[in-house]
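The structure file final.cif is reproduced below (mmCIF, C-alpha atoms and all ligand atoms).
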```cif
data_coords
loop_
_atom_site.label_atom_id
_atom_site.label_comp_id
_atom_site.auth_asym_id
_atom_site.auth_seq_id
_atom_site.Cartn_x
_atom_site.Cartn_y
_atom_site.Cartn_z
CA MET E 255 62.37 -31.24 94.50
CA THR E 256 64.37 -34.33 93.61
CA ALA E 257 62.64 -34.60 90.25
CA SER E 258 63.39 -31.00 89.34
CA LEU E 259 67.02 -31.31 90.44
CA ALA E 260 67.33 -34.36 88.22
CA ALA E 261 65.84 -32.33 85.37
CA LEU E 262 68.33 -29.56 86.02
CA ALA E 263 71.21 -32.02 86.01
CA ALA E 264 69.96 -33.39 82.70
CA LEU E 265 69.84 -29.89 81.26
CA LEU E 266 73.33 -29.08 82.52
CA ALA E 267 74.57 -32.13 80.66
CA LEU E 268 73.35 -30.50 77.45
CA LEU E 269 75.64 -27.50 77.87
CA PRO E 270 78.33 -26.94 75.22
CA GLY E 271 81.47 -28.63 76.41
CA ALA E 272 79.64 -30.97 78.73
CA PRO E 273 81.12 -34.46 78.89
CA GLY E 274 79.83 -36.76 76.19
CA LYS E 275 78.92 -33.98 73.77
CA GLY E 276 80.97 -34.22 70.59
CA LYS E 277 82.02 -30.79 69.35
CA ALA E 278 81.46 -31.61 65.69
CA VAL E 279 77.92 -32.77 66.39
CA ALA E 280 77.16 -29.65 68.41
CA LYS E 281 78.51 -27.46 65.63
CA ALA E 282 76.59 -29.17 62.84
CA ALA E 283 73.32 -28.84 64.72
CA ALA E 284 73.97 -25.36 66.08
CA PRO E 285 70.65 -23.62 66.71
CA THR E 286 70.22 -19.98 65.75
CA PHE E 287 69.06 -19.16 69.27
CA VAL E 288 68.20 -20.84 72.53
CA ALA E 289 64.86 -20.22 74.22
CA VAL E 290 63.60 -21.46 77.55
CA VAL E 291 59.81 -21.57 77.79
CA ASP E 292 58.49 -21.80 81.32
CA PRO E 293 54.97 -23.20 81.79
CA GLY E 294 53.76 -21.55 85.00
CA HIS E 295 53.04 -23.60 88.15
CA GLY E 296 52.75 -27.42 88.00
CA GLY E 297 52.49 -30.27 90.45
CA GLU E 298 50.94 -29.08 93.69
CA GLN E 299 50.76 -25.54 92.31
CA ASP E 300 47.59 -25.29 90.24
CA GLY E 301 47.84 -21.56 89.62
CA ALA E 302 44.49 -19.93 88.88
CA TRP E 303 41.23 -21.71 87.98
CA SER E 304 38.61 -21.07 85.33
CA PRO E 305 34.89 -20.85 86.24
CA THR E 306 34.49 -24.37 84.83
CA GLY E 307 37.46 -25.91 86.62
CA ASP E 308 40.32 -25.62 84.14
CA ARG E 309 43.62 -25.10 85.83
CA GLU E 310 46.23 -22.54 84.84
CA LYS E 311 49.04 -25.11 85.14
CA GLU E 312 47.42 -27.31 82.48
CA LEU E 313 46.61 -24.60 79.95
CA ALA E 314 50.01 -22.97 80.49
CA LEU E 315 51.68 -26.27 79.61
CA GLU E 316 49.53 -26.81 76.51
CA ILE E 317 50.26 -23.30 75.25
CA SER E 318 53.97 -23.56 76.14
CA ARG E 319 54.29 -26.75 74.10
CA LYS E 320 52.81 -24.99 71.09
CA ILE E 321 55.07 -21.98 71.56
CA ALA E 322 58.08 -24.32 71.79
CA ALA E 323 57.09 -26.06 68.54
CA ARG E 324 56.79 -22.73 66.70
CA LEU E 325 60.11 -21.47 68.04
CA ARG E 326 61.78 -24.69 66.92
CA LYS E 327 60.45 -24.06 63.43
CA LEU E 328 62.33 -20.73 63.53
CA GLY E 329 65.52 -22.72 64.10
CA GLY E 330 65.71 -22.25 67.83
CA ARG E 331 66.67 -24.77 70.43
CA VAL E 332 63.85 -24.74 72.94
CA VAL E 333 63.77 -26.21 76.42
CA LEU E 334 60.68 -26.31 78.63
CA THR E 335 61.25 -25.91 82.38
CA ARG E 336 58.70 -28.68 82.84
CA THR E 337 57.13 -31.10 80.38
CA GLY E 338 54.75 -32.73 82.83
CA ASP E 339 52.64 -31.94 85.85
CA ILE E 340 55.51 -31.53 88.31
CA ASP E 341 56.62 -28.98 90.87
CA VAL E 342 59.52 -26.81 89.71
CA PRO E 343 60.70 -24.26 92.28
CA LEU E 344 60.49 -20.72 90.88
CA VAL E 345 64.19 -20.17 91.55
CA ASN E 346 65.15 -23.18 89.40
CA ARG E 347 63.31 -21.91 86.33
CA ALA E 348 65.67 -19.01 85.57
CA THR E 349 68.59 -21.16 86.74
CA ILE E 350 67.78 -23.62 83.95
CA ALA E 351 67.80 -20.77 81.41
CA ASN E 352 71.11 -19.44 82.78
CA ALA E 353 72.68 -22.91 82.68
CA LEU E 354 71.69 -23.27 79.02
CA ARG E 355 72.91 -19.74 78.28
CA ALA E 356 69.52 -19.12 76.75
CA ASP E 357 68.88 -16.03 74.63
CA ILE E 358 65.29 -15.71 75.79
CA PHE E 359 63.27 -16.73 78.82
CA LEU E 360 59.48 -16.72 78.47
CA SER E 361 57.30 -17.51 81.47
CA ILE E 362 53.77 -18.48 80.46
CA HIS E 363 50.80 -17.68 82.71
CA LEU E 364 47.10 -16.95 82.74
CA ASN E 365 45.65 -14.08 84.71
CA SER E 366 42.99 -14.18 87.38
CA MET E 367 40.80 -11.85 89.39
CA PRO E 368 39.78 -12.36 93.01
CA SER E 369 36.14 -11.21 93.15
CA ALA E 370 33.08 -12.38 91.18
CA GLU E 371 32.54 -8.89 89.83
CA LEU E 372 36.13 -8.52 88.64
CA ARG E 373 36.15 -12.06 87.26
CA ARG E 374 33.27 -11.09 84.99
CA ALA E 375 34.83 -7.78 84.01
CA ARG E 376 38.53 -8.32 83.40
CA HIS E 377 39.91 -10.01 80.30
CA GLY E 378 42.82 -9.46 77.91
CA ILE E 379 46.57 -9.87 77.57
CA GLU E 380 49.03 -8.29 79.98
CA THR E 381 52.79 -8.54 79.38
CA PHE E 382 55.38 -8.08 82.11
CA PHE E 383 59.07 -7.59 82.53
CA LEU E 384 61.00 -7.34 85.76
CA SER E 385 61.18 -4.29 87.96
CA ALA E 386 61.71 -3.78 91.67
CA ASP E 387 58.72 -1.43 91.63
CA ALA E 388 55.39 -2.38 90.09
CA THR E 389 53.83 -0.15 87.44
CA ASP E 390 50.66 0.14 89.51
CA ALA E 391 48.65 -1.62 92.22
CA SER E 392 47.13 -4.02 89.70
CA ALA E 393 50.58 -5.07 88.39
CA ALA E 394 51.75 -5.53 91.98
CA ALA E 395 48.77 -7.80 92.63
CA VAL E 396 49.61 -9.98 89.62
CA ALA E 397 53.21 -10.35 90.83
CA ALA E 398 52.04 -11.14 94.37
CA ARG E 399 49.74 -13.88 93.06
CA GLU E 400 52.40 -15.44 90.84
CA ASN E 401 55.08 -15.14 93.54
CA ALA E 402 52.80 -17.01 95.94
CA SER E 403 53.54 -20.24 94.11
CA ARG E 404 57.01 -20.21 95.56
CA MET E 405 57.50 -23.53 97.29
CA ALA E 406 57.88 -23.70 101.05
CA GLY E 407 61.66 -24.05 101.03
CA GLU E 408 62.11 -21.14 98.69
CA ALA E 409 60.81 -18.57 101.13
CA LEU E 410 63.84 -19.33 103.29
CA ALA E 411 66.33 -19.32 100.42
CA ASP E 412 64.96 -15.97 99.36
CA GLU E 413 65.90 -13.85 102.36
CA GLY E 414 66.60 -10.28 101.44
CA ASP E 415 65.38 -8.89 98.17
CA PRO E 416 66.16 -11.04 95.09
CA VAL E 417 64.82 -8.40 92.71
CA GLY E 418 66.78 -5.55 94.29
CA PHE E 419 69.86 -7.73 94.37
CA ILE E 420 69.68 -8.72 90.74
CA LEU E 421 69.24 -5.14 89.57
CA GLN E 422 72.69 -4.35 90.98
CA ASP E 423 74.14 -6.87 88.58
CA LEU E 424 75.34 -5.14 85.39
CA GLU E 425 74.78 -8.08 83.10
CA SER E 426 71.25 -8.43 84.37
CA ALA E 427 70.65 -4.70 83.99
CA ALA E 428 71.57 -4.94 80.30
CA ALA E 429 69.26 -7.92 79.90
CA LEU E 430 66.51 -5.87 81.53
CA THR E 431 66.67 -3.21 78.80
CA GLU E 432 66.38 -5.98 76.22
CA SER E 433 63.53 -7.55 78.22
CA SER E 434 61.57 -4.34 77.83
CA ARG E 435 62.06 -4.37 74.04
CA LEU E 436 61.13 -8.02 73.78
CA ALA E 437 58.03 -7.43 75.92
CA TYR E 438 56.72 -4.79 73.49
CA PHE E 439 57.46 -6.96 70.44
CA LEU E 440 55.51 -9.82 72.03
CA HIS E 441 52.65 -7.78 73.38
CA GLU E 442 51.87 -5.89 70.18
CA ARG E 443 51.76 -9.05 68.09
CA LEU E 444 49.79 -11.05 70.64
CA VAL E 445 47.10 -8.37 70.89
CA ALA E 446 46.96 -7.88 67.12
CA ARG E 447 46.76 -11.60 66.29
CA THR E 448 44.31 -12.70 68.99
CA GLY E 449 42.10 -9.62 69.06
CA ALA E 450 42.25 -9.83 72.84
CA GLN E 451 41.84 -6.77 75.03
CA ASP E 452 45.10 -4.80 75.32
CA GLU E 453 45.92 -4.76 79.03
CA GLY E 454 49.33 -3.23 78.41
CA VAL E 455 53.02 -3.87 79.01
CA LYS E 456 53.87 -3.49 82.68
CA GLN E 457 56.66 -3.99 85.16
CA ALA E 458 56.52 -5.81 88.46
CA PRO E 459 58.81 -7.74 90.85
CA PHE E 460 58.30 -11.29 89.61
CA TYR E 461 60.39 -13.76 91.53
CA VAL E 462 60.53 -16.16 88.56
CA LEU E 463 62.18 -13.50 86.37
CA ALA E 464 64.58 -12.16 89.00
CA GLY E 465 67.47 -14.54 88.38
CA ALA E 466 67.37 -14.58 84.58
CA ARG E 467 70.54 -13.30 82.94
CA MET E 468 68.94 -12.90 79.51
CA PRO E 469 65.89 -11.04 78.14
CA ALA E 470 63.02 -12.41 80.19
CA VAL E 471 59.30 -11.75 79.85
CA LEU E 472 56.27 -13.05 81.74
CA LEU E 473 53.16 -13.34 79.58
CA GLU E 474 49.70 -13.29 81.14
CA LEU E 475 48.02 -14.57 77.99
CA GLY E 476 44.44 -14.00 79.11
CA PHE E 477 42.22 -14.17 82.16
CA ILE E 478 41.40 -17.77 83.03
CA SER E 479 38.98 -16.33 85.56
CA HIS E 480 36.86 -14.81 82.75
CA GLU E 481 34.32 -17.27 81.39
CA ALA E 482 34.50 -16.44 77.68
CA GLU E 483 38.25 -15.87 77.66
CA SER E 484 38.95 -19.13 79.50
CA ARG E 485 36.97 -20.95 76.82
CA ARG E 486 39.13 -19.37 74.11
CA LEU E 487 42.31 -20.15 76.02
CA LYS E 488 41.63 -23.86 75.98
CA ASP E 489 40.73 -23.91 72.28
CA PRO E 490 43.69 -25.54 70.46
CA ALA E 491 43.25 -23.21 67.46
CA TYR E 492 43.42 -20.14 69.71
CA GLN E 493 46.47 -21.62 71.44
CA GLU E 494 48.12 -21.97 68.03
CA THR E 495 47.31 -18.35 67.25
CA ILE E 496 49.04 -17.33 70.47
CA ALA E 497 52.03 -19.55 69.68
CA GLN E 498 52.40 -18.14 66.17
CA ALA E 499 52.20 -14.56 67.50
CA VAL E 500 54.97 -15.34 69.99
CA ALA E 501 57.15 -16.89 67.29
CA ASP E 502 56.56 -13.95 64.95
CA ALA E 503 57.48 -11.55 67.76
CA VAL E 504 60.69 -13.41 68.54
CA ALA E 505 61.63 -13.47 64.85
CA ALA E 506 60.92 -9.74 64.49
CA TRP E 507 62.79 -8.91 67.67
CA ARG E 508 65.81 -10.91 66.52
CA SER E 509 65.93 -9.32 63.08
CA ALA E 510 65.39 -5.84 64.52
CA ASP E 511 68.60 -6.15 66.52
CA ARG E 512 70.98 -8.95 65.72
CA HIS E 513 73.21 -7.79 68.55
CA ALA E 514 70.50 -8.85 70.92
CA MET E 515 71.27 -12.49 70.16
CA ARG E 516 74.84 -13.13 71.06
ZN ZN O 1 50.56 -18.05 86.94
#
```

For this file, write the structure as structure tokens.
Amino acid sequence: MTASLAALAALLALLPGAPGKGKAVAKAAAPTFVAVVDPGHGGEQDGAWSPTGDREKELALEISRKIAARLRKLGGRVVLTRTGDIDVPLVNRATIANALRADIFLSIHLNSMPSAELRRARHGIETFFLSADATDASAAAVAARENASRMAGEALADEGDPVGFILQDLESAAALTESSRLAYFLHERLVARTGAQDEGVKQAPFYVLAGARMPAVLLELGFISHEAESRRLKDPAYQETIAQAVADAVAAWRSADRHAMR
């Protein structure tokens, strides 16, 4: 908790107008967009496991780093919500993006199935944006699994319905429309580039997306619970393919609607 608050304070210091930031310097180095890439889980939260013991938190970080590098090549300023194996409360992840006035928030995860039979059967890429109601029971199950990595203190801070609450917020509602567009841009390119099974674009009540005030998408980039897919997911070349598809999608999304990037 202390470590992530320190990280948040460090990020807040990067805000335009923050003390110690010269205006001329900020202007000269102005990025064309700001993206926050959120490697799922971390620290005590392993996320899902592969059949051979790879952990979602590790692969999510590796892939997130590659995505960040590709987005920087596009001219973006990219901040990761964690750069090491540390706990970051789910609620802080969107808060970081809001504090940076990010244009995009991407939460990076790997999917998992509960039973041996389903672990053998299910593979592919599933892309999510926020909704109070899940698309179907399977989407609800994914959200429930990802929401379970809320830290102990967060359950108390989260009384009421954060998703329902945020949908009453007009600014967030506008971002939600844009989230849907961004989700389709990402999903189509990811499936085309990787050749992975198309598991669709879906909606579900993801706690990590609920507070984001900008287009926000949660990517389940493959099933870590599937033996062959988990092997691909830890292959650096496959990770680069994913990262390039994400960067291409962001570039296409930006040029399709310049108004999206204020
Ligand atoms: Zn996850």

Within 12 Å of ligand ZN 1 (chain O), counting only C-alpha atoms and all ligand atoms, residues as an mmCIF file with C-alpha atoms, in the frame of the given file:
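This is the output file result_8.cif:
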```cif
data_model
loop_
_atom_site.group_PDB
_atom_site.id
_atom_site.type_symbol
_atom_site.label_atom_id
_atom_site.label_comp_id
_atom_site.auth_asym_id
_atom_site.auth_seq_id
_atom_site.Cartn_x
_atom_site.Cartn_y
_atom_site.Cartn_z
ATOM 1 C CA ASP E 292 58.490 -21.800 81.320
ATOM 2 C CA PRO E 293 54.970 -23.200 81.790
ATOM 3 C CA GLY E 294 53.760 -21.550 85.000
ATOM 4 C CA HIS E 295 53.040 -23.600 88.150
ATOM 5 C CA GLY E 296 52.750 -27.420 88.000
ATOM 6 C CA GLN E 299 50.760 -25.540 92.310
ATOM 7 C CA ASP E 300 47.590 -25.290 90.240
ATOM 8 C CA GLY E 301 47.840 -21.560 89.620
ATOM 9 C CA ALA E 302 44.490 -19.930 88.880
ATOM 10 C CA TRP E 303 41.230 -21.710 87.980
ATOM 11 C CA ARG E 309 43.620 -25.100 85.830
ATOM 12 C CA GLU E 310 46.230 -22.540 84.840
ATOM 13 C CA LYS E 311 49.040 -25.110 85.140
ATOM 14 C CA GLU E 312 47.420 -27.310 82.480
ATOM 15 C CA LEU E 313 46.610 -24.600 79.950
ATOM 16 C CA ALA E 314 50.010 -22.970 80.490
ATOM 17 C CA LEU E 315 51.680 -26.270 79.610
ATOM 18 C CA LEU E 344 60.490 -20.720 90.880
ATOM 19 C CA SER E 361 57.300 -17.510 81.470
ATOM 20 C CA ILE E 362 53.770 -18.480 80.460
ATOM 21 C CA HIS E 363 50.800 -17.680 82.710
ATOM 22 C CA LEU E 364 47.100 -16.950 82.740
ATOM 23 C CA ASN E 365 45.650 -14.080 84.710
ATOM 24 C CA SER E 366 42.990 -14.180 87.380
ATOM 25 C CA MET E 367 40.800 -11.850 89.390
ATOM 26 C CA ALA E 395 48.770 -7.800 92.630
ATOM 27 C CA VAL E 396 49.610 -9.980 89.620
ATOM 28 C CA ALA E 397 53.210 -10.350 90.830
ATOM 29 C CA ALA E 398 52.040 -11.140 94.370
ATOM 30 C CA ARG E 399 49.740 -13.880 93.060
ATOM 31 C CA GLU E 400 52.400 -15.440 90.840
ATOM 32 C CA ASN E 401 55.080 -15.140 93.540
ATOM 33 C CA ALA E 402 52.800 -17.010 95.940
ATOM 34 C CA SER E 403 53.540 -20.240 94.110
ATOM 35 C CA ARG E 404 57.010 -20.210 95.560
ATOM 36 C CA PHE E 460 58.300 -11.290 89.610
ATOM 37 C CA TYR E 461 60.390 -13.760 91.530
ATOM 38 C CA VAL E 462 60.530 -16.160 88.560
ATOM 39 C CA LEU E 472 56.270 -13.050 81.740
ATOM 40 C CA LEU E 473 53.160 -13.340 79.580
ATOM 41 C CA GLU E 474 49.700 -13.290 81.140
ATOM 42 C CA LEU E 475 48.020 -14.570 77.990
ATOM 43 C CA GLY E 476 44.440 -14.000 79.110
ATOM 44 C CA PHE E 477 42.220 -14.170 82.160
ATOM 45 C CA ILE E 478 41.400 -17.770 83.030
ATOM 46 C CA SER E 479 38.980 -16.330 85.560
#
```

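Of note, CA of Arg324 (chain E) and CA of Asn346 (chain E) are spaced 24.2 Å apart.
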
Can you list, as a list in words, every protein, DNA or RNA residue that comes within 8 Å of Phe359 (chain E) when you count all atoms listed in the file, leaving out same-chain residues fewer than 3 positions away?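 The filter keeps Ala289, Val290, Val291, Asp292, Ala348, Ala351, Ala356, Ala466, Met468, Pro469, Ala470 and Val471 of chain E.
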
Just the selected residues (C-alpha atoms), exported as a compact mmCIF listing (two decimals), in the frame of the given file, please.
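The file below, part_27.txt, is the result:
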```txt
# COMPACT_ATOMS: atom_id res chain seq x y z
CA ALA E 289 64.86 -20.22 74.22
CA VAL E 290 63.60 -21.46 77.55
CA VAL E 291 59.81 -21.57 77.79
CA ASP E 292 58.49 -21.80 81.32
CA ALA E 348 65.67 -19.01 85.57
CA ALA E 351 67.80 -20.77 81.41
CA ALA E 356 69.52 -19.12 76.75
CA ALA E 466 67.37 -14.58 84.58
CA MET E 468 68.94 -12.90 79.51
CA PRO E 469 65.89 -11.04 78.14
CA ALA E 470 63.02 -12.41 80.19
CA VAL E 471 59.30 -11.75 79.85
```

Looking at E:Ala393, E:Leu444, E:Leu436, E:Ile317, which one is nearest to Gln457 (chain E), with distances taken over only C-alpha atoms?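 Ranking E:Ala393, E:Leu444, E:Leu436, E:Ile317 by distance to Gln457 (chain E), first place goes to E:Ala393.
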
Tell me, in Å to one decimal, how far CA of Tyr492 (chain E) is from CA of Arg443 (chain E).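 Interatomic distance here is 14.0 Å.
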
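You will find CA of Gly465 (chain E) at 7.2 Å from CA of Val345 (chain E).
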